[in-house]
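What follows is one structure encoded as structure tokens, with my remarks underneath.
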Protein chains: 2
Amino acid sequence: MTSEPPVRKRDATATKALILDAAAVLFAERGFDRTTVRDIAARAGANQALLFRYFGSKEALFEEVVARGGREQLESTPAAALPAAMIRRLLTGDGQSIAVFLRAAHSDRAAAEVRARLGDDYTRVLATLTDAPDAELRAELVLAWVLGLGLVREVAGAEPLRGADPDEVVRLLAPAVRTLLERAE
Amino acid sequence: MTSEPPVRKRDATATKALILDAAAVLFAERGFDRTTVRDIAARAGANQALLFRYFGSKEALFEEVVARGGREQLESTPAAALPAAMIRRLLTGDGQSIAVFLRAAHSDRAAAEVRARLGDDYTRVLATLTDAPDAELRAELVLAWVLGLGLVREVAGAEPLRGADPDEVVRLLAPAVRTLLERAE
DNA sequence: CCACTTTGTAAGCGGTTGCTTACAAGCTAG
DNA sequence: CTAGCTTGTAAGCAACCGCTTACAAAGTGG
């Protein structure tokens, strides 16, 4: 019997993008280990064999997701506004990039390298906010705070933070961050 | 006390403890998903079937590890000294409890509950450090910072923090934490 | 001593995983 | 048209996973 054909257009770059997007969402939602290539392919509406043809491996796909997501914000935000922007992005939850970064905890060495390099980039930008001799250490402490925020919110889902107004959080954190960065000793 | 039999070859409680210890180390090191029950049993020098006899499931074992590890420090440290103690424990790396807590990110709902409850306990204790009306939110921000510290150190392994002196880190963080907690508005 | 329970072991089952292979179908050049 | 490349698909492989089962050995009470 002649059933209706799914009539799919053949577009490699579009399929690639679909897979990449699906992977970004799922990696952010469940982390690397709990996301299967079958899930990604299903969400992208693509055959899973294509995932391997276009990206080589699950690891490589993950690396592309991490690398792509992180740098957008970094390149489009001035240093002084970066902490607040990171926090807002984290709390409003509409950005997956930091979530993916968080979720990268358990992944392989190759992905860990991408992640570390991205973290270094953030640290370097944040370090321009202070003229203390240990600027990088202080910057890293700021980065740690932001990531910890995401961790507590996403992982623990603790009540006060989950329902808190992002502006309120920024208002509380700002003076403390300033103290950390300005305090010369 | 001479009434104890000196050496027991077959000792259920000892085996249980061995499994629990091995699990704590491995969960802290690799996280839940990347730790296999075979690895745990091998490290404990026990047969993996015993793991299921004594703990029921991998999830249940994980819950016991998380629950056991977290409360020790919480019960033995006065509130005022808790932030510094947490940071030191995190940075010196000899305590696995917080690492396990960190690693608990991707685990199941049952474990997530244990984790959330433990996080609430920490938050509650930290909240006693300030008399601001939004004490719990501020406390949670402190907790977030400490956990983020662990995340950056363990996950990103970034250079300044990895080699940093714990005392130095505490010295940098202390004023900022004080600012966060004391700032009334 | 024997019957019974507890502790430890060996083997494997069913399911899932990342990844591969063999092949069909669409597109374009000649 | 058709040859040859690209894009998509169906099926399955080998390895590993959490977990179970069947059974042997050690300890204990009567």
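Chains: A, B, ... in order of the structure tokens. Residues: from 1 per chain. Ligands: from 1, in order shown.
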Residues near DG27 (chain D), cut-off 9 Å, only C-alpha atoms (C1' of nucleotides), skip fewer than 2 positions along chain, as an mmCIF file with all heavy atoms, in the first residue's frame:
data_model
loop_
_atom_site.group_PDB
_atom_site.id
_atom_site.type_symbol
_atom_site.label_atom_id
_atom_site.label_comp_id
_atom_site.auth_asym_id
_atom_site.auth_seq_id
_atom_site.Cartn_x
_atom_site.Cartn_y
_atom_site.Cartn_z
ATOM 1 N N ARG B 10 35.032 -13.630 58.307
ATOM 2 C CA ARG B 10 33.747 -13.282 57.704
ATOM 3 C C ARG B 10 33.084 -12.208 58.553
ATOM 4 O O ARG B 10 32.580 -12.485 59.621
ATOM 5 C CB ARG B 10 32.841 -14.505 57.623
ATOM 6 C CG ARG B 10 33.286 -15.524 56.605
ATOM 7 C CD ARG B 10 32.739 -16.895 56.969
ATOM 8 N NE ARG B 10 31.323 -16.829 57.284
ATOM 9 C CZ ARG B 10 30.366 -17.083 56.404
ATOM 10 N NH1 ARG B 10 30.678 -17.420 55.182
ATOM 11 N NH2 ARG B 10 29.106 -17.008 56.745
ATOM 12 P P DT C 5 16.947 -21.166 58.794
ATOM 13 O OP1 DT C 5 15.643 -20.652 59.234
ATOM 14 O OP2 DT C 5 17.121 -21.705 57.431
ATOM 15 O "O5'" DT C 5 18.039 -20.022 59.022
ATOM 16 C "C5'" DT C 5 18.420 -19.672 60.360
ATOM 17 C "C4'" DT C 5 19.716 -18.883 60.318
ATOM 18 O "O4'" DT C 5 20.812 -19.765 59.960
ATOM 19 C "C3'" DT C 5 19.726 -17.733 59.290
ATOM 20 O "O3'" DT C 5 20.110 -16.541 59.920
ATOM 21 C "C2'" DT C 5 20.736 -18.194 58.239
ATOM 22 C "C1'" DT C 5 21.659 -19.100 59.054
ATOM 23 N N1 DT C 5 22.364 -20.144 58.242
ATOM 24 C C2 DT C 5 23.733 -20.215 58.290
ATOM 25 O O2 DT C 5 24.408 -19.473 58.969
ATOM 26 N N3 DT C 5 24.273 -21.210 57.517
ATOM 27 C C4 DT C 5 23.592 -22.110 56.708
ATOM 28 O O4 DT C 5 24.185 -22.956 56.062
ATOM 29 C C5 DT C 5 22.160 -21.965 56.698
ATOM 30 C C7 DT C 5 21.337 -22.882 55.851
ATOM 31 C C6 DT C 5 21.613 -20.995 57.451
ATOM 32 P P DT C 6 20.183 -15.134 59.114
ATOM 33 O OP1 DT C 6 19.737 -14.070 60.022
ATOM 34 O OP2 DT C 6 19.505 -15.354 57.818
ATOM 35 O "O5'" DT C 6 21.741 -14.963 58.844
ATOM 36 C "C5'" DT C 6 22.634 -15.014 59.945
ATOM 37 C "C4'" DT C 6 24.066 -14.964 59.446
ATOM 38 O "O4'" DT C 6 24.364 -16.167 58.695
ATOM 39 C "C3'" DT C 6 24.385 -13.790 58.505
ATOM 40 O "O3'" DT C 6 25.609 -13.214 58.908
ATOM 41 C "C2'" DT C 6 24.471 -14.440 57.133
ATOM 42 C "C1'" DT C 6 25.025 -15.814 57.501
ATOM 43 N N1 DT C 6 24.752 -16.902 56.512
ATOM 44 C C2 DT C 6 25.802 -17.638 56.009
ATOM 45 O O2 DT C 6 26.961 -17.435 56.314
ATOM 46 N N3 DT C 6 25.442 -18.614 55.121
ATOM 47 C C4 DT C 6 24.159 -18.950 54.711
ATOM 48 O O4 DT C 6 23.963 -19.853 53.920
ATOM 49 C C5 DT C 6 23.106 -18.137 55.283
ATOM 50 C C7 DT C 6 21.690 -18.390 54.902
ATOM 51 C C6 DT C 6 23.448 -17.159 56.146
#
### Message
What are the residues of chain D lining chain B at 9 Å or less? Count only C-alpha atoms (C1' of nucleotides), and put the answer as a list in words.
### Response
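Here is what falls inside 9 Å: DC17, DG18, DC19, DT20, DA26 and DG27 of chain D.
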### Message
Should the cut-off be 12 Å, what would the residue list for chain C against chain B look like, counting only C-alpha atoms (C1' of nucleotides), as a PyMOL selection string?
### Response
chain C and resi 6-11
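Taking only C-alpha atoms (C1' of nucleotides), the non-local environment of region 17-20 of chain B within 8 Å (same-chain residues fewer than 5 positions away omitted) comprises Ile40, Ala41, Arg43, Ala44, Gly45, Ala46, Leu51, Leu61 and Val65 of chain B.
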